[in-house]
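Chemist: Got work_5.pdb for you, PDB, C-alpha atoms:
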```pdb
ATOM      1  CA  MET A  25      75.721  92.072  96.859
ATOM      2  CA  ASP A  26      79.516  92.073  96.678
ATOM      3  CA  PRO A  27      81.334  89.638  99.005
ATOM      4  CA  ILE A  28      84.409  91.152 100.651
ATOM      5  CA  LEU A  29      87.141  89.366 102.605
ATOM      6  CA  ILE A  30      88.735  91.234 105.535
ATOM      7  CA  VAL A  31      92.125  89.945 106.704
ATOM      8  CA  ASP A  32      93.558  91.331 109.950
ATOM      9  CA  ASP A  33      94.911  89.748 113.112
ATOM     10  CA  GLU A  34      93.192  92.435 115.218
ATOM     11  CA  GLU A  35      89.620  91.375 115.935
ATOM     12  CA  LYS A  36      88.517  94.930 116.793
ATOM     13  CA  ILE A  37      89.553  96.204 113.367
ATOM     14  CA  ARG A  38      87.845  93.310 111.579
ATOM     15  CA  SER A  39      84.641  93.892 113.525
ATOM     16  CA  LEU A  40      84.666  97.648 112.897
ATOM     17  CA  VAL A  41      85.281  97.300 109.170
ATOM     18  CA  ARG A  42      82.652  94.572 108.924
ATOM     19  CA  LEU A  43      80.075  96.743 110.687
ATOM     20  CA  TYR A  44      80.472  99.668 108.305
ATOM     21  CA  LEU A  45      80.621  97.544 105.155
ATOM     22  CA  GLU A  46      77.531  95.561 106.112
ATOM     23  CA  ARG A  47      75.695  98.840 106.687
ATOM     24  CA  GLU A  48      76.409  99.598 103.026
ATOM     25  CA  GLY A  49      74.943  96.268 101.955
ATOM     26  CA  PHE A  50      78.153  94.288 101.414
ATOM     27  CA  LEU A  51      78.570  90.640 102.339
ATOM     28  CA  VAL A  52      81.609  90.274 104.583
ATOM     29  CA  GLU A  53      83.828  87.370 105.593
ATOM     30  CA  GLU A  54      86.747  87.565 108.022
ATOM     31  CA  ALA A  55      90.158  85.908 108.253
ATOM     32  CA  GLU A  56      92.402  86.322 111.290
ATOM     33  CA  ASP A  57      95.637  85.595 109.436
ATOM     34  CA  GLY A  58      97.135  85.127 105.990
ATOM     35  CA  ARG A  59      96.833  81.347 105.987
ATOM     36  CA  VAL A  60      93.087  81.418 106.608
ATOM     37  CA  ALA A  61      92.754  84.255 104.067
ATOM     38  CA  LEU A  62      94.391  82.238 101.291
ATOM     39  CA  GLU A  63      92.248  79.201 102.128
ATOM     40  CA  LYS A  64      89.067  81.282 101.904
ATOM     41  CA  PHE A  65      90.243  83.021  98.734
ATOM     42  CA  ARG A  66      90.852  79.696  96.982
ATOM     43  CA  ALA A  67      87.559  78.221  98.178
ATOM     44  CA  GLY A  68      85.252  81.184  97.575
ATOM     45  CA  GLN A  69      84.322  83.988  95.221
ATOM     46  CA  PHE A  70      85.109  87.489  96.470
ATOM     47  CA  SER A  71      84.772  90.896  94.847
ATOM     48  CA  LEU A  72      87.455  92.624  96.940
ATOM     49  CA  LEU A  73      90.132  91.888  99.534
ATOM     50  CA  ILE A  74      91.124  94.118 102.476
ATOM     51  CA  VAL A  75      94.367  92.890 104.019
ATOM     52  CA  ASP A  76      96.660  94.055 106.807
ATOM     53  CA  LEU A  77     100.337  93.862 105.868
ATOM     54  CA  MET A  78     101.774  93.112 109.313
ATOM     55  CA  MET A  79     100.510  89.691 110.424
ATOM     56  CA  PRO A  80     102.280  86.695 111.996
ATOM     57  CA  ASP A  81     103.126  83.587 109.965
ATOM     58  CA  ILE A  82     101.828  84.473 106.477
ATOM     59  CA  ASP A  83     101.872  88.272 106.176
ATOM     60  CA  GLY A  84      99.939  90.605 103.912
ATOM     61  CA  TRP A  85     102.736  90.858 101.356
ATOM     62  CA  ARG A  86     102.613  87.124 100.723
ATOM     63  CA  VAL A  87      98.822  87.190 100.544
ATOM     64  CA  CYS A  88      98.979  89.937  97.883
ATOM     65  CA  ARG A  89     101.627  88.083  95.910
ATOM     66  CA  GLU A  90      99.802  84.743  95.934
ATOM     67  CA  VAL A  91      96.419  86.264  95.077
ATOM     68  CA  ARG A  92      97.975  88.172  92.176
ATOM     69  CA  GLU A  93      99.409  84.974  90.719
ATOM     70  CA  SER A  94      95.920  83.853  89.737
ATOM     71  CA  SER A  95      93.523  86.770  90.092
ATOM     72  CA  ALA A  96      92.971  90.477  89.352
ATOM     73  CA  LEU A  97      90.833  90.744  92.497
ATOM     74  CA  PRO A  98      90.925  94.353  93.810
ATOM     75  CA  ILE A  99      93.087  94.598  96.946
ATOM     76  CA  ILE A 100      93.210  97.327  99.598
ATOM     77  CA  MET A 101      96.074  96.959 102.066
ATOM     78  CA  LEU A 102      96.196  98.345 105.582
ATOM     79  CA  THR A 103      99.544  99.648 106.828
ATOM     80  CA  ALA A 104     101.043 101.208 109.935
ATOM     81  CA  ARG A 105     101.527 104.968 109.953
ATOM     82  CA  GLY A 106     104.851 106.122 108.530
ATOM     83  CA  GLU A 107     105.838 102.790 106.974
ATOM     84  CA  GLU A 108     106.387 104.158 103.462
ATOM     85  CA  PHE A 109     108.559 101.233 102.347
ATOM     86  CA  ASP A 110     105.811  98.788 103.341
ATOM     87  CA  ARG A 111     103.233 100.665 101.276
ATOM     88  CA  VAL A 112     105.437 100.840  98.188
ATOM     89  CA  LEU A 113     106.318  97.152  98.443
ATOM     90  CA  GLY A 114     102.669  96.216  98.855
ATOM     91  CA  LEU A 115     101.734  98.168  95.741
ATOM     92  CA  GLU A 116     104.547  96.565  93.788
ATOM     93  CA  LEU A 117     103.304  93.123  94.823
ATOM     94  CA  GLY A 118      99.895  93.858  93.353
ATOM     95  CA  ALA A 119      97.759  95.785  95.840
ATOM     96  CA  ASP A 120      95.555  98.439  94.214
ATOM     97  CA  ASP A 121      95.316 100.850  97.106
ATOM     98  CA  TYR A 122      96.245 101.389 100.743
ATOM     99  CA  LEU A 123      95.000 103.001 103.928
ATOM    100  CA  VAL A 124      97.153 103.994 106.882
ATOM    101  CA  LYS A 125      96.055 103.004 110.388
ATOM    102  CA  PRO A 126      94.216 104.529 112.111
ATOM    103  CA  PHE A 127      91.913 105.200 109.177
ATOM    104  CA  SER A 128      88.488 106.703 108.622
ATOM    105  CA  THR A 129      85.818 104.053 108.074
ATOM    106  CA  LYS A 130      84.012 106.530 105.806
ATOM    107  CA  GLU A 131      87.117 106.807 103.624
ATOM    108  CA  LEU A 132      87.537 103.029 103.558
ATOM    109  CA  VAL A 133      83.965 102.566 102.330
ATOM    110  CA  ALA A 134      84.511 105.226  99.653
ATOM    111  CA  ARG A 135      87.641 103.481  98.410
ATOM    112  CA  VAL A 136      85.940 100.089  98.411
ATOM    113  CA  LYS A 137      83.127 101.468  96.264
ATOM    114  CA  ALA A 138      85.580 103.168  93.902
ATOM    115  CA  LEU A 139      87.590  99.976  93.391
ATOM    116  CA  LEU A 140      84.459  97.900  92.806
ATOM    117  CA  ARG A 141      83.201 100.388  90.204
ATOM    118  CA  ARG A 142      86.576 100.136  88.499
ATOM    119  CA  SER A 143      86.612  96.343  88.561
ATOM    120  CA  ARG A 144      83.269  96.317  86.758
ATOM    121  CA  GLY A 145      84.592  98.692  84.120
ATOM    122  CA  GLN A 146      82.071 101.396  84.936
ATOM    123  CA  LEU A 147      84.158 104.509  84.330
ATOM    124  CA  GLN A 148      82.120 106.699  81.979
ATOM    125  CA  THR A 149      83.760 106.809  78.600
ATOM    126  CA  VAL A 150      82.944 107.708  75.020
ATOM    127  CA  THR A 151      85.498 105.620  73.151
ATOM    128  CA  SER A 152      85.245 101.865  73.747
ATOM    129  CA  GLU A 153      88.479 100.887  71.978
ATOM    130  CA  ILE A 154      91.816 102.642  71.640
ATOM    131  CA  THR A 155      94.657 101.552  69.388
ATOM    132  CA  ALA A 156      98.213 102.820  69.243
ATOM    133  CA  GLY A 157     100.511 100.859  66.966
ATOM    134  CA  THR A 158     100.261  97.209  68.044
ATOM    135  CA  LEU A 159      98.619  98.154  71.355
ATOM    136  CA  ARG A 160      94.862  97.692  71.616
ATOM    137  CA  ILE A 161      92.834  98.737  74.659
ATOM    138  CA  ASP A 162      89.294  97.338  74.564
ATOM    139  CA  LYS A 163      87.124  99.014  77.182
ATOM    140  CA  GLU A 164      84.021  96.876  76.682
ATOM    141  CA  ARG A 165      85.937  93.610  77.111
ATOM    142  CA  HIS A 166      88.357  95.115  79.644
ATOM    143  CA  ARG A 167      91.158  93.662  77.542
ATOM    144  CA  VAL A 168      94.624  94.916  76.575
ATOM    145  CA  SER A 169      96.659  93.257  73.866
ATOM    146  CA  ILE A 170      99.922  93.808  72.021
ATOM    147  CA  GLY A 171      99.541  92.158  68.660
ATOM    148  CA  GLU A 172      98.167  88.698  69.413
ATOM    149  CA  ASP A 173      99.376  88.690  73.021
ATOM    150  CA  VAL A 174      96.880  89.518  75.773
ATOM    151  CA  ILE A 175      98.372  91.540  78.655
ATOM    152  CA  SER A 176      97.085  90.818  82.154
ATOM    153  CA  LEU A 177      96.326  94.031  84.069
ATOM    154  CA  THR A 178      94.611  94.683  87.382
ATOM    155  CA  PRO A 179      91.422  96.804  87.172
ATOM    156  CA  LEU A 180      93.328  99.859  88.417
ATOM    157  CA  GLU A 181      96.199  99.348  85.974
ATOM    158  CA  PHE A 182      93.684  99.019  83.149
ATOM    159  CA  ASP A 183      91.828 102.208  84.045
ATOM    160  CA  LEU A 184      95.053 104.169  84.501
ATOM    161  CA  LEU A 185      96.290 103.080  81.070
ATOM    162  CA  TYR A 186      92.903 103.670  79.447
ATOM    163  CA  PHE A 187      92.560 107.151  80.918
ATOM    164  CA  LEU A 188      96.028 108.245  79.808
ATOM    165  CA  ALA A 189      95.579 106.693  76.353
ATOM    166  CA  LYS A 190      92.170 108.309  75.912
ATOM    167  CA  ASN A 191      93.832 111.661  76.615
ATOM    168  CA  ARG A 192      96.989 110.955  74.608
ATOM    169  CA  GLY A 193      99.532 113.733  74.642
ATOM    170  CA  ARG A 194      98.028 115.470  77.675
ATOM    171  CA  VAL A 195     100.108 115.604  80.849
ATOM    172  CA  PHE A 196      98.435 114.794  84.175
ATOM    173  CA  SER A 197      99.890 115.396  87.609
ATOM    174  CA  ARG A 198      99.872 112.611  90.184
ATOM    175  CA  GLU A 199      97.130 114.391  92.109
ATOM    176  CA  GLN A 200      94.955 114.701  88.987
ATOM    177  CA  LEU A 201      95.370 111.003  88.258
ATOM    178  CA  MET A 202      94.457 110.055  91.817
ATOM    179  CA  GLU A 203      91.322 112.201  91.774
ATOM    180  CA  THR A 204      90.217 111.087  88.293
ATOM    181  CA  VAL A 205      91.279 107.451  88.015
ATOM    182  CA  TRP A 206      91.234 106.379  91.665
ATOM    183  CA  GLY A 207      87.892 108.104  92.083
ATOM    184  CA  TYR A 208      88.433 109.993  95.337
ATOM    185  CA  ASP A 209      90.547 112.781  96.782
ATOM    186  CA  PHE A 210      94.124 111.724  97.441
ATOM    187  CA  TYR A 211      95.297 111.871 101.057
ATOM    188  CA  GLY A 212      98.398 109.705 100.838
ATOM    189  CA  ASP A 213     101.737 109.442  99.132
ATOM    190  CA  ALA A 214     101.956 110.473  95.451
ATOM    191  CA  ARG A 215     104.370 107.578  94.947
ATOM    192  CA  THR A 216     101.269 105.396  94.710
ATOM    193  CA  VAL A 217     100.894 106.676  91.147
ATOM    194  CA  ASP A 218     104.601 106.181  90.433
ATOM    195  CA  THR A 219     104.378 102.555  91.542
ATOM    196  CA  HIS A 220     101.421 101.779  89.292
ATOM    197  CA  VAL A 221     103.061 103.469  86.304
ATOM    198  CA  LYS A 222     106.171 101.384  86.973
ATOM    199  CA  LYS A 223     104.099  98.179  86.956
ATOM    200  CA  LEU A 224     102.389  99.226  83.721
ATOM    201  CA  ARG A 225     105.735  99.877  82.063
ATOM    202  CA  GLU A 226     106.950  96.426  83.073
ATOM    203  CA  LYS A 227     103.895  94.855  81.459
ATOM    204  CA  LEU A 228     104.150  97.056  78.353
ATOM    205  CA  SER A 229     107.813  96.319  77.759
ATOM    206  CA  HIS A 230     107.383  94.959  74.234
ATOM    207  CA  PRO A 231     109.622  96.917  71.803
ATOM    208  CA  SER A 232     106.616  97.996  69.732
ATOM    209  CA  VAL A 233     104.988  99.827  72.667
ATOM    210  CA  LYS A 234     107.835 100.456  75.112
ATOM    211  CA  GLY A 235     108.133 104.164  75.885
ATOM    212  CA  MET A 236     104.478 105.118  75.355
ATOM    213  CA  LEU A 237     104.071 105.990  79.043
ATOM    214  CA  VAL A 238     106.143 109.146  79.388
ATOM    215  CA  THR A 239     107.357 110.877  82.537
ATOM    216  CA  VAL A 240     107.278 114.660  82.294
ATOM    217  CA  TRP A 241     109.705 115.605  85.029
ATOM    218  CA  GLY A 242     108.295 117.945  87.634
ATOM    219  CA  VAL A 243     104.775 117.627  86.214
ATOM    220  CA  GLY A 244     103.457 114.077  85.872
ATOM    221  CA  TYR A 245     102.725 111.505  83.180
ATOM    222  CA  LYS A 246     101.309 111.271  79.675
ATOM    223  CA  PHE A 247     100.606 108.678  76.986
ATOM    224  CA  ASP A 248     102.478 109.405  73.767
ATOM    225  CA  PRO A 249     102.783 106.679  71.074
ATOM    226  CA  ASP A 250     105.271 108.882  69.178
ATOM    227  CA  GLN A 251     107.829 108.205  71.926
ATOM    228  CA  VAL A 252     108.268 104.597  70.766
ATOM    229  CA  HIS A 253     111.603 104.182  68.994
TER     230      HIS A 253
END
```
As structure tokens, please, write out the structure in this file.

Modeler:
Amino acid sequence: MDPILIVDDEEKIRSLVRLYLEREGFLVEEAEDGRVALEKFRAGQFSLLIVDLMMPDIDGWRVCREVRESSALPIIMLTARGEEFDRVLGLELGADDYLVKPFSTKELVARVKALLRRSRGQLQTVTSEITAGTLRIDKERHRVSIGEDVISLTPLEFDLLYFLAKNRGRVFSREQLMETVWGYDFYGDARTVDTHVKKLREKLSHPSVKGMLVTVWGVGYKFDPDQVH
């Protein structure tokens, strides 16, 4: 059973999320603020983190940032309705996904399951390893390297890169990427995809691979090794 840590200063939300996750067989721990969350994260072993951004003292942004410094643990952040800047910043700090309050518990459970499948590397694939110049994407080992250097990616970043590379040259819209890579229908802001592509480009900035992730304006994104100059 996968242990999940819920971080929210609202007890009602923690209790509701816990109820629905435990019904699905998950082990759940709670933290009422960011300080307690970081203490539990460092002391325990969790499969996924659900964290509210707006909390007193240590907020969700700091929790995401500090967790990402040492772990690729999947993170779902909870945000207030209409706070687009908060969502984008949270994604840039390392969160994998977000839900806007008030949210559907059914949708939350679906996203939790999708992220856990991704973290275990269970997307169905035919090719286990992809190479493009000095870039190597090893599906079985969930490992990306440029030459001798290993690149640290979150599970979602890895699957996004793998999917695009596996379909090199083909352009995918943001909605197609959300439905295929994220593993569920997309109800939120398409800039979620933009943010993750931006993070991938930052990590793949080596001159030998820079430019492989291509923006096709008005359409979406593609992987094209021929774009490297």

Chemist: Would you work out the distance separating CA of Leu159 (chain A) from CA of Leu185 (chain A), expressed in Å to one decimal?

Modeler: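 Going from CA of Leu159 (chain A) over to CA of Leu185 (chain A), I get 11.1 Å.
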
Chemist: Identify, on the basis of all atoms listed in the file, every residue whose closest approach to Lys246 (chain A) does not exceed 7 Å; exclude the query and any residue fewer than 3 positions from it along the same chain; express the result as a list of chain:residue names.

Modeler: A:Leu188, A:Arg192, A:Gly193, A:Arg194, A:Val195, A:Phe196, A:Leu237, A:Val238, A:Thr239

Chemist: So, counting all atoms listed in the file, which residue among A:Ala96, A:Arg198, A:Ser229, A:Leu62 is closest to Phe182 (chain A)?

Modeler: A:Ala96

Chemist: So how many Å separate CA of Glu46 (chain A) and CA of Leu72 (chain A), to one decimal?

Modeler: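 Value for the CA of Glu46 (chain A)-CA of Leu72 (chain A) distance: 13.8 Å.
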
Chemist: Find the residue from A:Val168, A:Ala138, A:Val31, A:Ala156 that sits nearest to Leu102 (chain A); use all atoms listed in the file when measuring.

Modeler: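 Under the stated criterion, the closest residue is A:Val31.
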
Chemist: So, with all atoms listed in the file as the atoms that count, which of A:Ile28, A:Ile37, A:Ile161, A:Ile170 lies closest to Gly49 (chain A)?

Modeler: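 Using all atoms listed in the file, the shortest distance to Gly49 (chain A) belongs to A:Ile28.
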
Chemist: Do you have the CA of Lys36 (chain A)-CA of Arg135 (chain A) distance handy?

Modeler: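 One can read the CA of Lys36 (chain A) to CA of Arg135 (chain A) distance as 20.3 Å.
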
Chemist: Could you give me, as a list in words, the residues within 9 Å of Asp162 (chain A), counting only C-alpha atoms and dropping anything in the same chain fewer than 4 positions from it?

Modeler: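 These residues fall inside the cut-off: Ser152, Glu153, Ile154, Thr155, His166, Arg167, Val168, Ser169 and Tyr186 of chain A.
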
Chemist: Please, could you write that set of residues out with C-alpha atoms as a PDB file, keeping the file's coordinate frame?

Modeler:
```pdb
ATOM      1  CA  SER A 152      85.245 101.865  73.747  1.00  0.00           C
ATOM      2  CA  GLU A 153      88.479 100.887  71.978  1.00  0.00           C
ATOM      3  CA  ILE A 154      91.816 102.642  71.640  1.00  0.00           C
ATOM      4  CA  THR A 155      94.657 101.552  69.388  1.00  0.00           C
ATOM      5  CA  HIS A 166      88.357  95.115  79.644  1.00  0.00           C
ATOM      6  CA  ARG A 167      91.158  93.662  77.542  1.00  0.00           C
ATOM      7  CA  VAL A 168      94.624  94.916  76.575  1.00  0.00           C
ATOM      8  CA  SER A 169      96.659  93.257  73.866  1.00  0.00           C
ATOM      9  CA  TYR A 186      92.903 103.670  79.447  1.00  0.00           C
TER      10      TYR A 186
END
```

Chemist: For the file shown, what are the residues hit by the PyMOL selection byres ((chain A and resi 139) around 8), laid out as a list in words?

Modeler: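 Here the PyMOL selection byres ((chain A and resi 139) around 8) matches Pro98, Arg135, Val136, Lys137, Ala138, Leu140, Arg141, Arg142, Ser143, Pro179, Leu180 and Trp206 of chain A.
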
Chemist: Spell out the residues picked by the PyMOL selection byres ((chain A and resi 32) around 9) here, as number ranges by chain.

Modeler: A: 30-31, 33-35, 37-38, 54-58, 74-79, 84, 102

Chemist: Counting all atoms listed in the file, which of A:Ile100, A:Thr158, A:Leu132, A:Arg86 gets nearest to Pro231 (chain A)?

Modeler: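 Counting all atoms listed in the file, the residue closest to Pro231 (chain A) is A:Thr158.
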